[in-house]
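Undergrad: Just so it is clear, I am handing over input_17.txt, which has compact mmCIF, C-alpha atoms and all ligand atoms.
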# COMPACT_ATOMS: atom_id res chain seq x y z
CA MET A 1 15.37 -1.58 16.79
CA ASN A 2 12.83 -4.21 15.67
CA CYS A 3 15.17 -7.10 15.06
CA HIS A 4 16.79 -7.10 18.55
CA CYS A 5 19.84 -8.47 16.82
CA ALA A 6 22.19 -5.51 16.60
CA GLN A 7 24.79 -7.19 18.78
CA ILE A 8 24.86 -10.45 16.87
CA VAL A 9 24.87 -9.30 13.26
CA THR A 10 28.01 -9.81 11.24
CA PRO A 11 30.34 -6.82 11.74
CA GLY A 12 30.19 -4.46 8.77
CA LEU A 13 26.58 -5.28 7.94
CA LEU A 14 23.78 -2.91 8.78
CA GLU A 15 20.86 -4.27 10.79
CA LEU A 16 17.80 -4.59 8.53
CA PHE A 17 15.47 -2.15 10.27
CA ASP A 18 18.30 0.31 10.73
CA ALA A 19 18.96 0.18 6.97
CA ARG A 20 15.25 0.63 6.26
CA GLN A 21 15.03 3.67 8.51
CA ARG A 22 18.16 5.20 7.00
CA LEU A 23 16.63 4.87 3.55
CA ILE A 24 13.35 6.46 4.64
CA ASP A 25 15.20 9.32 6.34
CA ALA A 26 17.43 9.90 3.31
CA ALA A 27 14.59 10.19 0.78
CA THR A 28 13.80 13.65 -0.56
CA PRO A 29 10.11 13.83 -1.52
CA ILE A 30 9.54 14.91 -5.09
CA ASN A 31 8.28 18.51 -5.41
CA ALA A 32 6.76 18.45 -8.87
CA VAL A 33 2.98 18.19 -9.04
CA GLU A 34 0.36 17.88 -11.75
CA ASN A 35 -3.37 18.44 -11.97
CA ILE A 36 -5.26 15.41 -13.26
CA THR A 37 -8.85 14.26 -13.50
CA LEU A 38 -10.22 12.12 -10.71
CA GLY A 39 -10.65 9.29 -13.22
CA GLN A 40 -6.87 9.19 -13.77
CA SER A 41 -5.93 9.44 -10.12
CA ALA A 42 -5.94 5.80 -8.93
CA GLY A 43 -2.63 4.99 -7.23
CA ARG A 44 -1.44 8.62 -7.25
CA VAL A 45 -0.31 10.58 -4.21
CA LEU A 46 -2.31 13.63 -3.21
CA ALA A 47 -0.05 16.71 -3.20
CA GLU A 48 -2.28 18.98 -1.09
CA THR A 49 -4.57 18.57 1.88
CA LEU A 50 -8.16 18.88 0.67
CA VAL A 51 -10.94 20.38 2.76
CA ALA A 52 -14.56 19.45 2.35
CA PRO A 53 -16.32 21.82 -0.07
CA LEU A 54 -19.71 20.66 1.24
CA ASP A 55 -21.46 19.36 4.31
CA MET A 56 -21.79 15.58 4.07
CA PRO A 57 -24.59 14.59 3.95
CA GLY A 58 -25.71 17.76 2.23
CA VAL A 59 -29.17 17.68 3.76
CA ASP A 60 -31.05 15.66 6.42
CA ASN A 61 -32.14 12.56 4.54
CA SER A 62 -33.75 9.22 5.07
CA ALA A 63 -31.67 6.12 5.86
CA MET A 64 -34.59 3.80 4.99
CA ASP A 65 -37.55 3.28 2.72
CA GLY A 66 -40.47 4.13 5.02
CA TYR A 67 -42.53 7.01 6.35
CA ALA A 68 -41.42 10.41 7.62
CA LEU A 69 -43.54 12.06 10.26
CA CYS A 70 -43.58 14.24 13.34
CA LEU A 71 -43.73 11.76 16.22
CA ALA A 72 -45.79 14.16 18.38
CA ASP A 73 -48.46 14.33 15.60
CA TYR A 74 -48.74 10.54 15.58
CA GLN A 75 -48.94 10.37 19.37
CA ALA A 76 -51.54 13.18 19.47
CA ALA A 77 -53.86 11.46 16.97
CA PRO A 78 -57.01 9.80 18.46
CA PRO A 79 -56.30 6.20 19.57
CA GLY A 80 -56.22 3.86 16.55
CA ALA A 81 -56.61 6.68 14.01
CA GLY A 82 -53.03 6.63 12.64
CA LEU A 83 -51.84 9.29 10.19
CA PRO A 84 -52.84 9.85 6.56
CA ILE A 85 -50.14 9.80 3.86
CA LEU A 86 -50.22 13.32 2.39
CA GLN A 87 -46.86 13.46 0.60
CA ARG A 88 -44.43 11.34 -1.46
CA VAL A 89 -40.69 12.08 -1.35
CA PRO A 90 -38.45 10.09 -3.73
CA ALA A 91 -34.64 10.39 -3.82
CA GLY A 92 -33.73 13.46 -5.83
CA ALA A 93 -36.74 15.47 -4.62
CA GLY A 94 -36.16 18.92 -3.15
CA VAL A 95 -36.65 19.73 0.53
CA MET A 96 -40.43 19.81 1.19
CA LEU A 97 -42.59 20.96 4.07
CA LEU A 98 -44.42 18.12 5.87
CA PRO A 99 -48.19 18.71 5.57
CA GLU A 100 -49.74 19.23 8.99
CA GLY A 101 -51.51 16.22 10.52
CA GLY A 102 -50.10 13.74 8.02
CA CYS A 103 -47.00 11.83 7.08
CA ALA A 104 -44.83 11.40 3.99
CA ARG A 105 -43.99 8.25 2.08
CA ILE A 106 -40.19 8.50 1.80
CA PHE A 107 -37.36 6.55 0.16
CA THR A 108 -33.69 6.01 1.07
CA GLY A 109 -31.60 9.10 0.43
CA ALA A 110 -34.58 11.43 -0.05
CA PRO A 111 -34.58 14.72 1.91
CA VAL A 112 -36.58 14.47 5.13
CA PRO A 113 -39.41 17.03 4.87
CA LEU A 114 -39.18 20.00 7.21
CA GLY A 115 -41.34 19.29 10.26
CA ALA A 116 -40.66 15.53 10.27
CA ASP A 117 -38.46 14.24 13.09
CA ILE A 118 -38.47 10.47 12.54
CA VAL A 119 -38.43 7.99 9.68
CA VAL A 120 -40.10 4.67 10.42
CA PRO A 121 -38.98 1.81 8.14
CA GLN A 122 -41.77 0.36 5.99
CA GLU A 123 -41.32 -3.09 7.63
CA ARG A 124 -42.68 -1.58 10.88
CA VAL A 125 -45.67 0.16 9.31
CA THR A 126 -49.12 -1.21 8.50
CA LEU A 127 -51.78 0.58 6.48
CA ASP A 128 -55.47 0.48 7.44
CA GLN A 129 -58.43 0.55 5.06
CA HIS A 130 -58.32 4.38 4.98
CA GLY A 131 -54.68 4.33 3.93
CA HIS A 132 -53.54 5.60 7.35
CA ILE A 133 -50.25 4.38 8.81
CA HIS A 134 -49.90 2.52 12.12
CA LEU A 135 -46.49 2.06 13.65
CA GLU A 136 -44.87 -0.81 15.54
CA GLY A 137 -41.83 -1.06 17.75
CA ASN A 138 -39.78 1.47 19.63
CA LEU A 139 -40.16 5.02 18.28
CA VAL A 140 -37.32 7.44 18.98
CA VAL A 141 -37.12 10.99 17.63
CA GLY A 142 -34.33 11.26 15.07
CA ALA A 143 -34.32 7.57 14.15
CA ASN A 144 -33.30 6.71 10.59
CA ILE A 145 -32.45 10.30 9.70
CA ARG A 146 -28.93 10.95 8.40
CA ARG A 147 -28.17 14.46 9.60
CA GLN A 148 -26.69 17.17 7.41
CA GLY A 149 -22.93 17.38 8.08
CA GLU A 150 -22.90 14.41 10.49
CA GLU A 151 -19.95 12.86 8.59
CA THR A 152 -18.06 15.98 7.49
CA ARG A 153 -18.64 19.70 7.87
CA MET A 154 -17.82 22.05 5.01
CA GLY A 155 -14.28 23.44 5.45
CA THR A 156 -12.96 20.61 7.63
CA PRO A 157 -10.12 18.34 6.39
CA LEU A 158 -11.16 15.65 3.95
CA LEU A 159 -7.91 13.98 2.83
CA ALA A 160 -4.35 14.81 3.89
CA ALA A 161 -1.47 15.54 1.53
CA GLY A 162 0.43 12.29 1.04
CA THR A 163 -2.70 10.15 0.80
CA LEU A 164 -2.47 7.34 -1.72
CA LEU A 165 -5.63 7.61 -3.81
CA GLY A 166 -7.57 4.35 -3.98
CA ALA A 167 -11.14 3.33 -4.66
CA ALA A 168 -12.60 4.61 -1.38
CA SER A 169 -10.70 7.92 -1.29
CA ILE A 170 -11.54 8.60 -4.95
CA ALA A 171 -15.19 7.83 -4.21
CA LEU A 172 -15.02 10.20 -1.22
CA LEU A 173 -13.75 13.01 -3.46
CA ALA A 174 -16.39 12.23 -6.07
CA SER A 175 -19.08 12.36 -3.36
CA HIS A 176 -17.99 15.94 -2.69
CA GLY A 177 -18.27 16.84 -6.36
CA ILE A 178 -14.48 17.02 -6.84
CA SER A 179 -13.48 16.08 -10.39
CA ALA A 180 -9.77 17.00 -10.54
CA VAL A 181 -6.89 16.68 -8.06
CA THR A 182 -3.32 17.90 -7.68
CA VAL A 183 -0.99 14.94 -7.25
CA LYS A 184 2.74 14.38 -7.09
CA ARG A 185 4.41 13.72 -10.41
CA ARG A 186 5.16 10.06 -11.06
CA LEU A 187 8.74 9.05 -10.31
CA ARG A 188 10.93 8.12 -13.25
CA VAL A 189 13.08 5.14 -12.31
CA ALA A 190 15.93 3.81 -14.45
CA ILE A 191 16.55 0.07 -14.14
CA LEU A 192 19.39 -2.06 -15.39
CA SER A 193 20.60 -5.61 -14.93
CA THR A 194 24.31 -6.27 -14.77
CA GLY A 195 25.87 -9.56 -15.82
CA ASP A 196 27.68 -10.98 -18.87
CA GLU A 197 25.71 -14.21 -18.44
CA LEU A 198 22.29 -12.56 -18.88
CA ILE A 199 20.12 -12.99 -21.95
CA PRO A 200 16.50 -11.93 -22.54
CA PRO A 201 13.67 -14.46 -22.18
CA GLY A 202 12.81 -15.74 -25.66
CA ALA A 203 16.44 -15.89 -26.84
CA ALA A 204 18.15 -19.26 -27.43
CA ARG A 205 20.30 -20.14 -24.41
CA SER A 206 23.81 -21.60 -24.42
CA PRO A 207 25.13 -23.44 -21.38
CA GLY A 208 26.09 -21.00 -18.66
CA GLN A 209 23.76 -18.29 -19.81
CA VAL A 210 20.98 -17.12 -17.52
CA TYR A 211 17.69 -15.53 -18.46
CA ASP A 212 17.30 -12.05 -17.02
CA SER A 213 14.43 -12.44 -14.57
CA ASN A 214 15.24 -9.44 -12.39
CA ARG A 215 14.24 -6.90 -15.01
CA ALA A 216 10.97 -8.74 -15.67
CA MET A 217 10.33 -8.57 -11.93
CA LEU A 218 11.38 -4.94 -11.49
CA ASN A 219 9.20 -3.80 -14.38
CA VAL A 220 6.21 -5.29 -12.56
CA LEU A 221 7.22 -3.98 -9.15
CA LEU A 222 7.75 -0.47 -10.48
CA ALA A 223 4.45 -0.49 -12.34
CA GLN A 224 2.74 -1.59 -9.10
CA ALA A 225 4.52 1.26 -7.33
CA GLN A 226 3.17 3.75 -9.92
CA CYS A 227 6.60 4.62 -11.32
CA ASP A 228 7.55 5.29 -14.92
CA VAL A 229 10.32 2.92 -15.98
CA LEU A 230 13.35 3.76 -18.07
CA ASP A 231 14.58 0.25 -18.88
CA LEU A 232 18.28 0.37 -19.77
CA GLY A 233 18.53 -3.38 -20.36
CA VAL A 234 21.47 -5.62 -19.55
CA ILE A 235 24.83 -3.98 -18.91
CA ALA A 236 28.08 -5.92 -19.31
CA ASP A 237 30.34 -6.62 -16.32
CA SER A 238 32.86 -3.89 -17.03
CA PRO A 239 33.49 -0.54 -15.37
CA ALA A 240 33.25 1.25 -18.73
CA SER A 241 29.80 -0.16 -19.53
CA LEU A 242 28.56 0.67 -16.06
CA HIS A 243 29.91 4.23 -16.25
CA GLN A 244 28.14 4.74 -19.56
CA ALA A 245 24.84 3.32 -18.27
CA PHE A 246 24.94 5.30 -15.01
CA GLU A 247 25.84 8.49 -16.90
CA HIS A 248 22.62 8.16 -18.86
CA ALA A 249 20.53 6.97 -15.90
CA GLN A 250 21.58 9.71 -13.49
CA THR A 251 20.50 12.50 -15.82
CA ALA A 252 17.34 10.87 -17.19
CA ALA A 253 15.77 9.51 -13.99
CA ASP A 254 14.80 10.49 -10.45
CA LEU A 255 16.19 7.22 -9.12
CA VAL A 256 18.38 4.39 -10.40
CA VAL A 257 17.86 0.73 -9.47
CA CYS A 258 20.33 -1.88 -10.67
CA THR A 259 20.73 -5.57 -9.90
CA GLY A 260 23.76 -7.83 -9.69
CA GLY A 261 27.46 -7.13 -9.56
CA VAL A 262 27.23 -5.68 -6.05
CA SER A 263 28.94 -8.44 -4.06
CA VAL A 264 32.68 -8.43 -3.53
CA GLY A 265 33.85 -10.67 -6.40
CA GLU A 266 36.26 -9.55 -9.11
CA GLU A 267 33.37 -9.28 -11.57
CA ASP A 268 31.39 -7.06 -9.20
CA HIS A 269 32.07 -3.57 -10.49
CA VAL A 270 28.98 -1.76 -9.26
CA ARG A 271 30.34 -0.57 -5.93
CA PRO A 272 33.60 0.98 -7.24
CA VAL A 273 31.76 2.68 -10.10
CA ILE A 274 29.22 4.19 -7.69
CA GLU A 275 32.08 5.42 -5.54
CA GLN A 276 33.76 7.02 -8.55
CA ARG A 277 30.58 8.69 -9.81
CA GLY A 278 29.10 9.71 -6.48
CA GLY A 279 29.20 7.92 -3.17
CA LEU A 280 27.83 5.16 -0.98
CA HIS A 281 25.64 5.61 2.09
CA PHE A 282 25.92 1.94 2.99
CA HIS A 283 26.64 -1.47 1.51
CA GLY A 284 25.66 -4.78 3.09
CA VAL A 285 22.58 -5.52 5.18
CA ALA A 286 22.30 -8.28 7.77
CA MET A 287 19.49 -10.09 6.00
CA LYS A 288 19.20 -13.43 4.24
CA PRO A 289 18.51 -13.27 1.38
CA GLY A 290 19.48 -9.75 0.36
CA LYS A 291 22.86 -9.10 1.99
CA PRO A 292 24.62 -7.36 -0.93
CA PHE A 293 22.30 -4.35 -0.96
CA ALA A 294 23.91 -0.96 -1.57
CA PHE A 295 22.47 2.53 -1.28
CA GLY A 296 24.31 5.49 -2.73
CA TYR A 297 24.07 8.37 -5.15
CA LEU A 298 25.33 9.37 -8.57
CA GLY A 299 26.55 12.96 -8.93
CA ALA A 300 28.71 15.35 -7.00
CA GLU A 301 26.51 16.24 -4.01
CA PRO A 302 24.66 13.64 -1.93
CA PHE A 303 21.56 15.84 -1.69
CA SER A 304 21.33 17.22 -5.23
CA SER A 305 22.28 14.03 -7.03
CA THR A 306 20.40 10.96 -8.23
CA PRO A 307 19.88 8.29 -5.58
CA LEU A 308 20.78 4.72 -6.50
CA MET A 309 19.85 1.41 -4.99
CA ALA A 310 21.87 -1.62 -6.03
CA LEU A 311 19.96 -4.84 -5.45
CA PRO A 312 21.58 -8.27 -5.30
CA GLY A 313 21.78 -10.38 -8.46
CA ASN A 314 20.08 -13.44 -7.01
CA PRO A 315 16.43 -12.96 -7.89
CA VAL A 316 14.87 -13.74 -4.49
CA ALA A 317 17.43 -11.52 -2.76
CA SER A 318 16.53 -8.80 -5.22
CA LEU A 319 12.81 -9.22 -4.49
CA VAL A 320 13.21 -9.17 -0.71
CA GLY A 321 15.57 -6.19 -0.91
CA TRP A 322 13.02 -4.40 -3.02
CA GLN A 323 10.13 -5.11 -0.66
CA LEU A 324 11.82 -4.31 2.63
CA LEU A 325 14.29 -1.59 1.62
CA ALA A 326 13.70 -0.10 -1.82
CA LEU A 327 9.93 0.25 -1.60
CA PRO A 328 9.80 2.42 1.56
CA PHE A 329 12.44 4.68 0.00
CA ILE A 330 10.32 5.02 -3.13
CA HIS A 331 7.19 5.74 -1.08
CA ALA A 332 9.04 8.44 0.82
CA MET A 333 10.29 9.95 -2.47
CA GLN A 334 6.72 9.90 -3.75
CA GLY A 335 5.66 11.98 -0.78
CA ARG A 336 3.60 9.12 0.67
CA ALA A 337 3.37 8.40 4.33
CA VAL A 338 5.53 5.26 4.68
CA ALA A 339 3.48 2.45 6.19
CA VAL A 340 4.76 0.63 9.25
CA LEU A 341 5.64 -2.97 8.40
CA GLN A 342 2.77 -5.29 9.25
CA ARG A 343 3.71 -8.42 11.12
CA TYR A 344 2.02 -10.80 13.48
CA PRO A 345 3.01 -13.87 15.45
CA VAL A 346 2.63 -17.21 13.69
CA LYS A 347 3.74 -20.73 14.63
CA ALA A 348 6.31 -22.53 12.51
CA GLY A 349 5.22 -25.94 11.23
CA PHE A 350 8.83 -27.12 10.87
CA SER A 351 12.21 -27.09 12.61
CA GLN A 352 15.57 -26.11 11.14
CA ARG A 353 18.88 -24.49 11.96
CA GLY A 354 18.73 -20.76 12.50
CA PRO A 355 20.71 -18.15 10.58
CA GLN A 356 24.07 -16.86 11.76
CA GLY A 357 25.00 -13.18 11.66
CA ARG A 358 21.87 -11.95 9.89
CA CYS A 359 18.08 -12.17 10.00
CA GLU A 360 16.56 -14.77 7.73
CA LEU A 361 13.33 -14.22 5.84
CA LEU A 362 11.94 -17.66 5.11
CA ARG A 363 9.46 -17.84 2.25
CA VAL A 364 6.42 -19.56 3.78
CA GLU A 365 2.87 -20.55 2.98
CA MET A 366 0.12 -20.33 5.58
CA ASP A 367 -1.58 -23.59 6.38
CA TRP A 368 -5.06 -22.97 7.82
CA SER A 369 -6.14 -26.62 7.93
CA GLN A 370 -5.74 -26.81 11.75
CA GLY A 371 -7.85 -23.68 12.42
CA ALA A 372 -5.01 -21.41 13.53
CA PRO A 373 -2.44 -20.52 10.86
CA VAL A 374 0.83 -22.46 10.74
CA ALA A 375 3.74 -21.39 8.52
CA GLN A 376 5.19 -24.06 6.24
CA LEU A 377 8.18 -23.61 3.94
CA ALA A 378 6.93 -22.68 0.48
CA GLY A 379 9.79 -24.60 -1.20
CA GLY A 380 13.58 -24.45 -1.49
CA GLN A 381 15.05 -21.45 0.31
CA GLY A 382 18.03 -20.67 -1.92
CA SER A 383 18.24 -17.00 -2.87
CA HIS A 384 18.17 -18.10 -6.52
CA MET A 385 14.98 -20.17 -6.09
CA LEU A 386 12.04 -18.21 -7.41
CA SER A 387 9.61 -21.16 -7.11
CA ALA A 388 9.22 -20.76 -3.34
CA ALA A 389 8.99 -16.97 -3.67
CA SER A 390 6.24 -17.36 -6.25
CA GLN A 391 4.23 -19.64 -3.89
CA ALA A 392 4.89 -17.78 -0.64
CA HIS A 393 2.19 -15.90 1.28
CA GLY A 394 4.72 -14.18 3.47
CA TYR A 395 8.05 -14.23 5.27
CA LEU A 396 8.83 -15.80 8.61
CA MET A 397 11.56 -13.68 10.16
CA ILE A 398 14.18 -15.61 12.12
CA ASN A 399 16.64 -13.57 14.16
CA PRO A 400 20.35 -14.43 14.03
CA ALA A 401 21.45 -17.36 16.15
CA THR A 402 17.82 -18.40 16.74
CA GLU A 403 16.77 -21.96 15.98
CA VAL A 404 13.51 -22.61 14.18
CA THR A 405 11.48 -24.98 16.34
CA GLU A 406 8.21 -26.52 15.25
CA GLY A 407 5.36 -25.02 17.28
CA ALA A 408 7.37 -21.95 18.35
CA THR A 409 6.16 -18.50 17.32
CA TYR A 410 7.98 -16.07 15.01
CA HIS A 411 7.13 -12.78 13.31
CA TYR A 412 5.27 -13.30 10.07
CA TYR A 413 5.25 -10.55 7.41
CA PRO A 414 2.45 -10.99 4.86
CA ILE A 415 3.63 -10.35 1.30
CA ASN A 416 0.44 -8.64 0.18
CA GLN A 417 1.44 -5.55 2.19
CA PHE A 418 4.08 -4.87 -0.47
CA ALA A 419 1.61 -4.82 -3.37
CA ALA A 420 0.78 -1.12 -3.45
P1 LIG A 501 25.95 -11.34 -8.95
O1 LIG A 501 25.48 -10.59 -7.74
O2 LIG A 501 26.06 -10.49 -10.15
O3 LIG A 501 27.19 -12.11 -8.65
O4 LIG A 501 24.82 -12.40 -9.27
C1 LIG A 501 24.47 -13.40 -8.33
C2 LIG A 501 23.66 -14.48 -9.01
O5 LIG A 501 22.46 -13.91 -9.51
C3 LIG A 501 24.33 -15.12 -10.20
O6 LIG A 501 23.99 -16.48 -10.21
C4 LIG A 501 23.70 -14.40 -11.38
O7 LIG A 501 23.73 -15.15 -12.55
C5 LIG A 501 22.32 -14.18 -10.89
N1 LIG A 501 21.74 -13.01 -11.53
C6 LIG A 501 22.30 -11.79 -11.58
N2 LIG A 501 21.49 -10.94 -12.25
C7 LIG A 501 20.41 -11.64 -12.62
C8 LIG A 501 19.24 -11.32 -13.34
N3 LIG A 501 19.04 -10.09 -13.80
N4 LIG A 501 18.32 -12.28 -13.53
C9 LIG A 501 18.54 -13.53 -13.07
N5 LIG A 501 19.62 -13.89 -12.38
C10 LIG A 501 20.57 -12.97 -12.16
MG MG A 502 27.02 -10.63 -11.87
Would you mind writing the file out in structure tokens?
TA:
Amino acid sequence: MNCHCAQIVTPGLLELFDARQRLIDAATPINAVENITLGQSAGRVLAETLVAPLDMPGVDNSAMDGYALCLADYQAAPPGAGLPILQRVPAGAGVMLLPEGGCARIFTGAPVPLGADIVVPQERVTLDQHGHIHLEGNLVVGANIRRQGEETRMGTPLLAAGTLLGAASIALLASHGISAVTVKRRLRVAILSTGDELIPPGAARSPGQVYDSNRAMLNVLLAQAQCDVLDLGVIADSPASLHQAFEHAQTAADLVVCTGGVSVGEEDHVRPVIEQRGGLHFHGVAMKPGKPFAFGYLGAEPFSSTPLMALPGNPVASLVGWQLLALPFIHAMQGRAVAVLQRYPVKAGFSQRGPQGRCELLRVEMDWSQGAPVAQLAGGQGSHMLSAASQAHGYLMINPATEVTEGATYHYYPINQFAA
């Protein structure tokens, strides 16, 4: 347990890392796959382990612009005679035979001629008046030759199933001549905001109304997570409206994510409606912000139904719940290997009271002006205060009943780890 706070969390709340692990364990990876071109594959999850169709490099080739020769020929030449240049090998040339008693002018990436056992970079070569080469420096057989298959042998694993395809992995596949890949189908995620007070940005606002920022945020987060979004809009705070929305969502999507209405107030109808339509795995996580997080399912059977994550209404709580809990579940459903959370120790640049009964994730900026990084509060820490969240570089995690003391060290979780 990462938080070391199981004994001091509020009874009834699940410890954060316990909740995260339960979500990861509960996710059923999607089976459906599709074949797409390499050019369309950025951000997709490889559905099969690929083996190398070729040796890489495909042939012994030069790592430098210089001269390819047989070192013994050079050493056997009369003192001061050097070697004549009898061949020219540009990149793209076929494999040639090194002419006896001479050397080859060669360029980076060009096949090393058969019979040559060293490439000497041009910076270490001088030419005499006969056009013969003379070499300087330490000469070692094999130097500056990239050997056939030294990186990968044909038939050995290239990329594992579950790999997220990015620039380097796509380039790797391209370097092997692969132009199409089988990837997992994109997840279809239904989102909805609950709340009678919510109106869309752009509409005129009356007192008491609140612009729906959670859906704006979730649309971005889901796009970053390579999911297709079914946006069901704002749903009124009534059991009937929620039933209707969930009915649609559970048949049309692989996963449902809603926000708001999941606390324990009279206007919070999400939990009872989930219980009527399916069931709850858990509700309430010992984290601040983000406590009213619920995980359940819609449909008769837990394992053949549509999973649902209910995020808190407060926007920062929703964001943190997404990053720490919803995202690993989605990655597991996508068939991706779920990354371990990255954290490292950082000093706090401030003191304040610690949280009670749950872990607190303070939104902080990193101050590098003193050489070593120091975490400073990025702004107001209310779970409704998006300004600090929009400035923050990461979260400083404070365990329950732990004071924050300036100069003391806490776990820092960089936010950029949640971007992809
Ligand atoms: P709730 O969990 O529904 O009680 O909402 C908690 C707080 O979050 C209230 O102040 C809501 O107005 C606010 N809230 C709920 N949903 C959203 C949303 N989609 N966008 C912005 N604020 C919201
Ligand atoms: Mg509400």
Undergrad: Pick from A:Gly407, A:Gly321, A:Gly260, A:Pro272: nearest to ligand LIG 501 (chain A), with all atoms listed in the file counted?
TA: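 Distance minimum relative to ligand LIG 501 (chain A) lands on A:Gly260.
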Undergrad: Give me the box for ligand LIG 501 (chain A) as lines of an AutoDock Vina configuration file, namely the centre and edge lengths in Å to one decimal of a box along x, y and z that holds every listed atom plus 4 Å on each side.
TA:
center_x = 22.8
center_y = -13.3
center_z = -10.8
size_x = 16.9
size_y = 14.4
size_z = 14.1
Undergrad: Do a neighbour search on segment 53-69 of chain A at 6 Å with only C-alpha atoms, toss out local chain neighbours closer than 4 positions, and write the hits as a short mmCIF file (atom, residue, chain, number, x, y, z; two decimals) with C-alpha atoms, keeping the file's coordinate frame.
TA:
data_model
loop_
_atom_site.label_atom_id
_atom_site.label_comp_id
_atom_site.auth_asym_id
_atom_site.auth_seq_id
_atom_site.Cartn_x
_atom_site.Cartn_y
_atom_site.Cartn_z
CA CYS A 103 -47.00 11.83 7.08
CA ALA A 104 -44.83 11.40 3.99
CA ARG A 105 -43.99 8.25 2.08
CA ILE A 106 -40.19 8.50 1.80
CA PHE A 107 -37.36 6.55 0.16
CA THR A 108 -33.69 6.01 1.07
CA GLY A 109 -31.60 9.10 0.43
CA ALA A 110 -34.58 11.43 -0.05
CA PRO A 111 -34.58 14.72 1.91
CA VAL A 112 -36.58 14.47 5.13
CA ALA A 116 -40.66 15.53 10.27
CA ILE A 118 -38.47 10.47 12.54
CA VAL A 119 -38.43 7.99 9.68
CA VAL A 120 -40.10 4.67 10.42
CA PRO A 121 -38.98 1.81 8.14
CA GLN A 122 -41.77 0.36 5.99
CA ASN A 144 -33.30 6.71 10.59
CA ILE A 145 -32.45 10.30 9.70
CA ARG A 146 -28.93 10.95 8.40
CA ARG A 147 -28.17 14.46 9.60
CA GLN A 148 -26.69 17.17 7.41
CA GLY A 149 -22.93 17.38 8.08
CA GLU A 151 -19.95 12.86 8.59
CA THR A 152 -18.06 15.98 7.49
CA ARG A 153 -18.64 19.70 7.87
CA MET A 154 -17.82 22.05 5.01
#
Undergrad: May I have the residues within 8 Å of ligand LIG 501 (chain A), computed using all atoms listed in the file, as a list in words?
TA: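 Checking all atoms listed in the file against ligand LIG 501 (chain A) at 8 Å gives Ser193, Thr194, Gly195, Glu197, Leu198, Gln209, Val210, Tyr211, Asp212, Ser213, Asn214, Arg215, Val234, Thr259, Gly260, Gly261, Val262, Ser263, Gly265, Glu267, Asp268, Pro292, Pro312, Gly313, Asn314, Pro315 and His384 of chain A.
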Undergrad: Enter the distance from atom CA of Leu114 of chain A to atom CA of His132 of chain A, in Å, rounded to one decimal.
TA: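 Computed distance, atom CA of Leu114 of chain A to atom CA of His132 of chain A, equals 20.3 Å.
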Undergrad: Of the candidates A:His331, A:Arg277, A:His130, A:Arg205, which one gets nearest to Ala240 of chain A if we count only C-alpha atoms?
TA: A:Arg277
Undergrad: So how far away is atom CA of Gly101 of chain A from atom CA of Leu127 of chain A, in Å?
TA: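 Atom CA of Leu127 of chain A sits 16.2 Å away from atom CA of Gly101 of chain A.
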Undergrad: In Å, how far is it from atom CA of Leu16 of chain A to atom CA of Tyr412 of chain A?
TA: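 Between these atoms lies a distance of 15.3 Å.
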Undergrad: What's around segment 187-189 of chain A at 9 Å? Count all atoms listed in the file, leave out sequence neighbours fewer than 4 positions away in its own chain, and write the answer as a list in words.
TA: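 Those residues are Ile30, Leu222, Gln226, Cys227, Asp228, Val229, Leu230, Asp231, Ala249, Ala252, Ala253, Asp254, Leu255, Val256, Val257, Ile330, Met333 and Gln334 of chain A.
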Undergrad: Pick the closest to ligand MG 502 (chain A) from A:Asp25, A:Ser179, A:Ala190, A:Ile235: which is it, counting all atoms listed in the file?
TA: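 For ligand MG 502 (chain A), the nearest of the candidates is A:Ile235.
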Undergrad: Tell me which of A:Leu324, A:Met217, A:Ile170, A:Val270 sits closest to ligand MG 502 (chain A), counting all atoms listed in the file.
TA: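 Smallest distance to ligand MG 502 (chain A) is found for A:Val270.
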Undergrad: Rank nothing, just name the residue among A:Ser238, A:Ser41, A:Gln224, A:Ser318 nearest to Asn416 of chain A, using only C-alpha atoms.
TA: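 Checking each candidate against Asn416 of chain A, we get A:Gln224 as the closest.
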Undergrad: Here is a test: counting all atoms listed in the file, which residue of A:Arg22, A:Arg186, A:His248, A:His269 is nearest to ligand MG 502 (chain A)?
TA: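 For ligand MG 502 (chain A), the nearest of the candidates is A:His269.
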Undergrad: Need to verify the contact set: segment 345-349 of chain A, 6 Å, all atoms listed in the file, exclusion of same-chain residues closer than 5 positions in sequence. Can you return it as a list in words?
TA: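 In the requested format, the answer is Val374, Ala375, Gln376, Glu406, Gly407, Ala408, Thr409, Tyr410, His411 and Tyr412 of chain A.
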Undergrad: Do a neighbour search on Ile274 of chain A at 9 Å with all atoms listed in the file, toss out local chain neighbours closer than 6 positions, and write the hits as number ranges by chain.
TA: A: 243, 246, 280, 296-298, 308
Undergrad: Within 7 Å of Leu361 of chain A, counting only C-alpha atoms, which residues show up once you throw out same-chain ones fewer than 2 positions away? Write them as a PDB file with C-alpha atoms, keeping the file's coordinate frame, please.
TA:
ATOM      1  CA  LYS A 288      19.200 -13.430   4.240  1.00  0.00           C
ATOM      2  CA  PRO A 289      18.510 -13.270   1.380  1.00  0.00           C
ATOM      3  CA  CYS A 359      18.080 -12.170  10.000  1.00  0.00           C
ATOM      4  CA  ARG A 363       9.460 -17.840   2.250  1.00  0.00           C
ATOM      5  CA  TYR A 395       8.050 -14.230   5.270  1.00  0.00           C
ATOM      6  CA  LEU A 396       8.830 -15.800   8.610  1.00  0.00           C
ATOM      7  CA  MET A 397      11.560 -13.680  10.160  1.00  0.00           C
ATOM      8  CA  ILE A 398      14.180 -15.610  12.120  1.00  0.00           C
TER       9      ILE A 398
END
